[in-house]
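*Asks:* Take this structure first; my questions come after.
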Amino acid sequence: MKYETSQIKNIALVGTKGTGKTTFLEAALFSAGATGRMGRVDDGNSIIDYDPIEIERKQSIYSKVTPVEWSDHKINIIDTPGYADFIGDAFGALSVADVAVFVIDAVNAVEIPILRLYNLAKRKNKARVFFINKLDAERSDFDAALASIKDKLDLGATLFQIPMGAKDGFKGVIDLLNMKAYVSEGGTTKEIEIPADLSENAKEKRMALVEAIAESDESLLEKYLEAGELSEDELKKGVVRGIATGQLHPVFIGSAYNNLGVSAFLNFVAANFPGPVDMPALEAKKSDGTPLSIKADSKGPLVAQVFKTTSDPGIGDVFFFRVYSGTINSGEEVYNSNQSTGERIGHLINVRGKDRIDVSSAPAGDIAAVAKLKNTQISDTFSTKAERIELPPVEFPAPVVAMAVVPKSKKDQDKLGIGLSKLTEIDPTFTYHVDKEFSETIVTGMGDVQIEVMVRRLLDRYGVEVELGKPHIPYREKITKKSEKQGKHKKQTGGHGQYGDCWLCLEPLPAGGNYEFVNAIVGGSIPSKYVPAVEKGVKEAMQKGTLAGYPVVDLKVTVFDGSYHDVDSSDMSFQIAGSLAFKNAMEEAVPQLLEPIVNLEVYAPQDYMGDLSSDVSQRRGRVTGMDAGILRARVPMAELYQYSANLKSITSGAGTYTIEFSNYDVVPLHIAQKIIDETKREKEEKNK
């Protein structure tokens with residue numbers, strides 16, 4: 001069936017690990033008749049999580065865009081991973097969803113990791129609603145879960161449904177807006193009259209709901225205060241507008257595992273959720289920088305953005321995009337405004353688990369995918385060559401965990417760069433670079449689990465086998481006192497000899513002073529043509545340091561005297577003399593070892609703050625601030641190796657963190673000596 005923009009809804013299921021997001025999507029597909037069974041993540045037969053790694057780990061590690069056809073609407077549901085290491089996919093999903101549905105476990109209520117995504121959705125002005133899941137669980141507590149939502153996420157969260165029964169007695173939901181009750185019989189949903197014993201409570205809760213809807217809009221509030229009621233049409237418009245503008249944050253309920261409340265939720269989505277036409281205009285710009293606003297209009301100028309890519313062994317790279325304006329048709333040419341090149345759109349597809357469903361077109365508001373594009377990346381905008389419109393790039397979190405990767409063979413070394421490049425194209429939160437200082441390849445990700453998964457994919461898909469190790473820390477050296485020394489290179493051979501002689505003065509600069517070279521030669525003791533060679537020798541020696549072999553920083557070097565020979569002096573002679581003078585002066589300049597310090601922000605439940613603070617102290621860090629659920633500290637980079645795993649252990653998986661380079665600071669003497677000794681051992685092993 002072909003859908004118009006007005007028939008499309010885009011929602012993202014967001015929540016922490018184990019809240020039942022994938023199970024909800026399985027139930028939605030089953031309820032819509034798209035599948036003949038409900039897959040189970042724990043049983044390894046999920047229709048949605050079919051990737052071998054997901055089956056093995058029994059958890060989602062990639063977001064899935066799945067269309068569900070319901071009541072003459074196409075609901076694009078994006079199931080996002082709940083594990084913190086794969087949070088990047090949730091960021092991508094929130095960039096294109098109109099409504100973020102935060103799935104809350106009725107047993108564990110709101111868990112701290114969800115705060116980061118909730119704050120992102122709030123900052124991006126995304127509509128936000130809640131679905132309290134697992135109400136039939138033995139330890140479920142509806143009231144506690146609702147209180148947790150109000151306390152930790154949104155005080156104004158409003159009940160749109162109430163449960164019928166609790167725990168193993170939970171049998172259905174009551175829709176307060178339409179005053180209907182839904183129960184499940186034989187795996188399908190049935191509408192019934194509201195039970196008499198729940199009627200009064202439902203009426204009271206509905207009155208509170210109507211008041212909340214009225215208060216979300218000034219014109220509605222004025223009408224409600226005058227008439228004491230609102231019509232069904234006014235209520236519906238108020239709900240759509242209230243959700244779209246962030247004035248209403250509905251709370252829904254159910255049990256995805258037993259398919260209770262899922263159909264009622266889909267009914268509400270189709271009838272009352274804002275669609276693309278209801279959402280605020282999107283800010284964009286033309287190639288000349290002219291700003292413009294984009295509204296969902298299938299006949300407007302083409303504007304679409306790629307937010308996700310995958311690699312399919314059967315058809316190659318697959319690019320998922322949302323159309324914000326205009327229409328994209330199979331077989332047509334579009335213009336990639338970011339890459340300044342045309343791209344031919346082949347077969348447009350929708351994805352449902354392993355199935356690929358061909359579609360002829362994607363109108364404004366829709367999400368679709370296409371394979372085998374040549375020059376497109378995540379965040380690129382499709383437009384026309386005449387318009388050349390660009391959207392702001394999709395926001396992704398910065399990776400925080402770094403690991404060194406060592407190829408196991410020469411063959412693996414040759415293929416490593418290609419394999420890593422492919423993986424970084426698929427996931428922007430996974431990056432790599434070659435550290436020239438240590439000649440090692442470094443990968444960075446959101447956590448150790450994500451990196452392990454990427455290494456597994458590197459082997460499975462690209463045949464590259466590597467080992468993970470601890471990356472080198474980029475220490476630096478700095479002098480603490482002024483020093484003057486001579487460097488003299490004199491060598492006599494059969495023909496021309498070698499002669500270079502210079503005096504250098506080394507002085508420490510303030511932190512961040514970098515490097516300064518001063519030519520203070522007077523009287524021609526060193527001809528000016530040889531001074532650059534002296535500096536070259538100094539720079540080469542600076543890169544190797546003298547304490548532990550690390551580059552020297554924050555240094556002023558002055559060449560102030562020397563001598564030369566008319567025949568035997570040369571650039572090379574003075575380069576060697578400069579290096580010798582530098583090394584000699586460093587010995588008396590009392591060098592220190594510096595280490596990189598990072599700003600650390602940890603997000604975790606308040607109960608863990610004491611343990612986290614102690615852990616920071618043990619890592620030679622200093623806590624600089626503490627708010628509700630957030631700890632800030634300055635910690636040496638060297639002490640944060642495998643911090644991700646340790647944080648998960650301390651917080652039972654509830655903690656996340658970010659790091660950002662701050663500055664260099666002096667390494668304590670006893671630790672500096674260990675680093676110096678370790679560096680010497682490494683050099684000796686390499687020279688064997």
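Ligands are numbered from 1 in the order shown, chains are lettered A, B, ... in the order of the structure tokens, and residues start at 1 in each chain.
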Counting only C-alpha atoms, what is within 9 Å of stretch 416-428 of chain A, bar same-chain residues fewer than 6 positions away, as a PDB file with N, CA and C atoms, in the first residue's frame?

*Replies:*
```pdb
ATOM      1  N   GLY A  88      25.140   5.249  20.305  1.00  0.00           N
ATOM      2  CA  GLY A  88      25.210   6.022  19.073  1.00  0.00           C
ATOM      3  C   GLY A  88      24.024   5.771  18.160  1.00  0.00           C
ATOM      4  N   ASP A  89      23.561   4.506  18.091  1.00  0.00           N
ATOM      5  CA  ASP A  89      22.409   4.189  17.255  1.00  0.00           C
ATOM      6  C   ASP A  89      21.142   4.870  17.776  1.00  0.00           C
ATOM      7  N   LYS A 308      21.723   6.553   8.979  1.00  0.00           N
ATOM      8  CA  LYS A 308      22.217   5.250   9.399  1.00  0.00           C
ATOM      9  C   LYS A 308      22.661   4.460   8.172  1.00  0.00           C
ATOM     10  N   THR A 309      23.724   3.676   8.320  1.00  0.00           N
ATOM     11  CA  THR A 309      24.126   2.745   7.271  1.00  0.00           C
ATOM     12  C   THR A 309      24.385   1.377   7.883  1.00  0.00           C
ATOM     13  N   THR A 310      24.179   0.355   7.088  1.00  0.00           N
ATOM     14  CA  THR A 310      24.513  -1.009   7.507  1.00  0.00           C
ATOM     15  C   THR A 310      25.232  -1.682   6.348  1.00  0.00           C
ATOM     16  N   SER A 311      25.854  -2.804   6.643  1.00  0.00           N
ATOM     17  CA  SER A 311      26.515  -3.586   5.604  1.00  0.00           C
ATOM     18  C   SER A 311      25.829  -4.942   5.535  1.00  0.00           C
ATOM     19  N   ASP A 317      26.423  -2.210   1.094  1.00  0.00           N
ATOM     20  CA  ASP A 317      26.081  -1.139   2.036  1.00  0.00           C
ATOM     21  C   ASP A 317      24.653  -0.654   1.791  1.00  0.00           C
ATOM     22  N   GLN A 377      27.601   9.346   2.805  1.00  0.00           N
ATOM     23  CA  GLN A 377      27.942   9.001   4.190  1.00  0.00           C
ATOM     24  C   GLN A 377      26.799   9.437   5.112  1.00  0.00           C
ATOM     25  N   ILE A 378      26.879   8.974   6.354  1.00  0.00           N
ATOM     26  CA  ILE A 378      25.906   9.392   7.359  1.00  0.00           C
ATOM     27  C   ILE A 378      25.948  10.915   7.507  1.00  0.00           C
ATOM     28  N   PHE A 396      26.160  12.792  17.168  1.00  0.00           N
ATOM     29  CA  PHE A 396      26.543  11.518  17.774  1.00  0.00           C
ATOM     30  C   PHE A 396      27.457  11.790  18.968  1.00  0.00           C
ATOM     31  N   PRO A 397      27.434  10.935  19.976  1.00  0.00           N
ATOM     32  CA  PRO A 397      28.325  11.133  21.128  1.00  0.00           C
ATOM     33  C   PRO A 397      29.771  10.829  20.759  1.00  0.00           C
ATOM     34  N   ALA A 398      30.690  11.472  21.445  1.00  0.00           N
ATOM     35  CA  ALA A 398      32.117  11.241  21.190  1.00  0.00           C
ATOM     36  C   ALA A 398      32.552   9.934  21.851  1.00  0.00           C
ATOM     37  N   PRO A 399      33.305   9.093  21.139  1.00  0.00           N
ATOM     38  CA  PRO A 399      33.795   7.845  21.746  1.00  0.00           C
ATOM     39  C   PRO A 399      34.755   8.127  22.892  1.00  0.00           C
ATOM     40  N   PRO A 407      47.483  -6.382  14.325  1.00  0.00           N
ATOM     41  CA  PRO A 407      47.178  -7.461  13.371  1.00  0.00           C
ATOM     42  C   PRO A 407      47.982  -8.708  13.697  1.00  0.00           C
ATOM     43  N   VAL A 443      41.861   2.244  17.997  1.00  0.00           N
ATOM     44  CA  VAL A 443      40.416   2.331  17.755  1.00  0.00           C
ATOM     45  C   VAL A 443      39.775   2.916  19.005  1.00  0.00           C
ATOM     46  N   MET A 454      32.988  -4.892  17.332  1.00  0.00           N
ATOM     47  CA  MET A 454      33.574  -4.413  16.079  1.00  0.00           C
ATOM     48  C   MET A 454      34.749  -5.295  15.643  1.00  0.00           C
ATOM     49  N   ARG A 457      33.245  -8.294  14.098  1.00  0.00           N
ATOM     50  CA  ARG A 457      32.764  -8.006  12.741  1.00  0.00           C
ATOM     51  C   ARG A 457      33.935  -7.855  11.769  1.00  0.00           C
ATOM     52  N   LEU A 458      35.040  -7.328  12.267  1.00  0.00           N
ATOM     53  CA  LEU A 458      36.242  -7.182  11.443  1.00  0.00           C
ATOM     54  C   LEU A 458      36.694  -8.552  10.933  1.00  0.00           C
ATOM     55  N   LEU A 459      36.581  -9.550  11.779  1.00  0.00           N
ATOM     56  CA  LEU A 459      36.967 -10.909  11.397  1.00  0.00           C
ATOM     57  C   LEU A 459      35.899 -11.565  10.524  1.00  0.00           C
ATOM     58  N   ARG A 461      33.383 -10.304   8.706  1.00  0.00           N
ATOM     59  CA  ARG A 461      33.010  -9.695   7.427  1.00  0.00           C
ATOM     60  C   ARG A 461      34.196  -9.364   6.526  1.00  0.00           C
ATOM     61  N   TYR A 462      35.339  -9.085   7.149  1.00  0.00           N
ATOM     62  CA  TYR A 462      36.470  -8.645   6.323  1.00  0.00           C
ATOM     63  C   TYR A 462      37.692  -9.557   6.467  1.00  0.00           C
ATOM     64  N   GLY A 463      37.563 -10.624   7.253  1.00  0.00           N
ATOM     65  CA  GLY A 463      38.631 -11.604   7.377  1.00  0.00           C
ATOM     66  C   GLY A 463      39.893 -11.086   8.012  1.00  0.00           C
ATOM     67  N   VAL A 464      39.770 -10.081   8.893  1.00  0.00           N
ATOM     68  CA  VAL A 464      40.951  -9.493   9.543  1.00  0.00           C
ATOM     69  C   VAL A 464      40.971  -9.909  11.014  1.00  0.00           C
ATOM     70  N   GLU A 465      42.051 -10.551  11.416  1.00  0.00           N
ATOM     71  CA  GLU A 465      42.180 -11.016  12.800  1.00  0.00           C
ATOM     72  C   GLU A 465      43.175 -10.122  13.548  1.00  0.00           C
ATOM     73  N   VAL A 466      42.739  -9.586  14.671  1.00  0.00           N
ATOM     74  CA  VAL A 466      43.599  -8.682  15.446  1.00  0.00           C
ATOM     75  C   VAL A 466      43.521  -9.035  16.924  1.00  0.00           C
TER      76      VAL A 466
END
```

*Asks:* Give me, as an MDAnalysis selection string, all polymer residues having an atom no more than 9 Å from stretch 26-33 of chain A, counting only C-alpha atoms and skipping those fewer than 4 positions away in the same chain.

*Replies:* chainID A and resid 21:22 37:40 46:48 66:70 187:189 256:260 262:263 266

*Asks:* DSSP on the backbone, strand (DSSP E or B) only: what residues of stretch 541-688 of chain A does that give? Format it as a PyMOL selection string.

*Replies:* chain A and resi 552+555-563+569+591-603+622-627+630-636+656-666

*Asks:* For a test of reading the model, state the distance in Å between atom CA of A:Met179 and atom CA of A:Glu191, rounded to one decimal.

*Replies:*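 Interatomic distance here is 10.8 Å.
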
*Asks:* Tell me which protein, DNA and RNA residues are within 12 Å of A:Gly289, counting only C-alpha atoms, leaving out same-chain ones fewer than 2 positions away, and put them as a list of chain:residue names.

*Replies:*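 Contacts, with the query itself left out: A:Glu283, A:Ala284, A:Lys285, A:Lys286, A:Ser287, A:Pro291, A:Leu292, A:Glu387, A:Arg388, A:Ile389, A:Glu390, A:Leu391, A:Pro392.
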
*Asks:* Please identify the helix (DSSP H, G or I) residues within stretch 310-448 of chain A (assignment by DSSP from backbone atoms) and present them as a list in words.

*Replies:*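 The helix (DSSP H, G or I) subset of stretch 310-448 of chain A is Lys410, Lys411, Asp412, Gln413, Asp414, Lys415, Leu416, Gly417, Ile418, Gly419, Leu420, Ser421, Lys422, Leu423, Thr424, Glu425, Ile426 and Asp448 of chain A.
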
*Asks:* Restricting the output to N, CA and C atoms, write the selected residues as a short mmCIF file (atom, residue, chain, number, x, y, z; two decimals), in the first residue's frame.

*Replies:*
```
data_model
loop_
_atom_site.label_atom_id
_atom_site.label_comp_id
_atom_site.auth_asym_id
_atom_site.auth_seq_id
_atom_site.Cartn_x
_atom_site.Cartn_y
_atom_site.Cartn_z
N LYS A 410 50.90 -10.50 8.53
CA LYS A 410 51.13 -9.51 7.49
C LYS A 410 49.88 -9.35 6.62
N LYS A 411 49.20 -10.47 6.37
CA LYS A 411 47.98 -10.43 5.57
C LYS A 411 46.90 -9.61 6.27
N ASP A 412 46.80 -9.77 7.59
CA ASP A 412 45.83 -8.99 8.37
C ASP A 412 46.21 -7.51 8.36
N GLN A 413 47.50 -7.23 8.43
CA GLN A 413 47.98 -5.84 8.41
C GLN A 413 47.57 -5.14 7.11
N ASP A 414 47.69 -5.85 6.00
CA ASP A 414 47.37 -5.28 4.69
C ASP A 414 45.88 -4.94 4.57
N LYS A 415 45.01 -5.73 5.22
CA LYS A 415 43.56 -5.53 5.09
C LYS A 415 42.96 -4.72 6.22
N LEU A 416 43.79 -4.40 7.23
CA LEU A 416 43.26 -3.75 8.43
C LEU A 416 42.62 -2.39 8.13
N GLY A 417 43.32 -1.55 7.39
CA GLY A 417 42.82 -0.21 7.11
C GLY A 417 41.49 -0.23 6.38
N ILE A 418 41.35 -1.11 5.40
CA ILE A 418 40.10 -1.21 4.63
C ILE A 418 38.96 -1.65 5.53
N GLY A 419 39.20 -2.67 6.35
CA GLY A 419 38.16 -3.17 7.24
C GLY A 419 37.72 -2.14 8.26
N LEU A 420 38.68 -1.45 8.87
CA LEU A 420 38.33 -0.43 9.86
C LEU A 420 37.59 0.74 9.22
N SER A 421 37.98 1.11 8.02
CA SER A 421 37.29 2.21 7.32
C SER A 421 35.83 1.87 7.09
N LYS A 422 35.56 0.62 6.70
CA LYS A 422 34.18 0.19 6.49
C LYS A 422 33.37 0.26 7.78
N LEU A 423 33.97 -0.17 8.88
CA LEU A 423 33.26 -0.18 10.16
C LEU A 423 32.99 1.23 10.66
N THR A 424 33.91 2.15 10.43
CA THR A 424 33.70 3.52 10.89
C THR A 424 32.63 4.23 10.06
N GLU A 425 32.45 3.81 8.81
CA GLU A 425 31.38 4.37 7.99
C GLU A 425 30.01 3.94 8.51
N ILE A 426 29.94 2.74 9.05
CA ILE A 426 28.67 2.21 9.55
C ILE A 426 28.31 2.80 10.91
N ASP A 448 34.09 -1.01 25.96
CA ASP A 448 34.86 -2.19 25.59
C ASP A 448 34.01 -3.22 24.85
#
```

*Asks:* Any idea what the distance is between atom CA of A:Glu484 and atom CA of A:Thr679?

*Replies:*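 If I compute the distance from atom CA of A:Glu484 to atom CA of A:Thr679, I get 27.3 Å.
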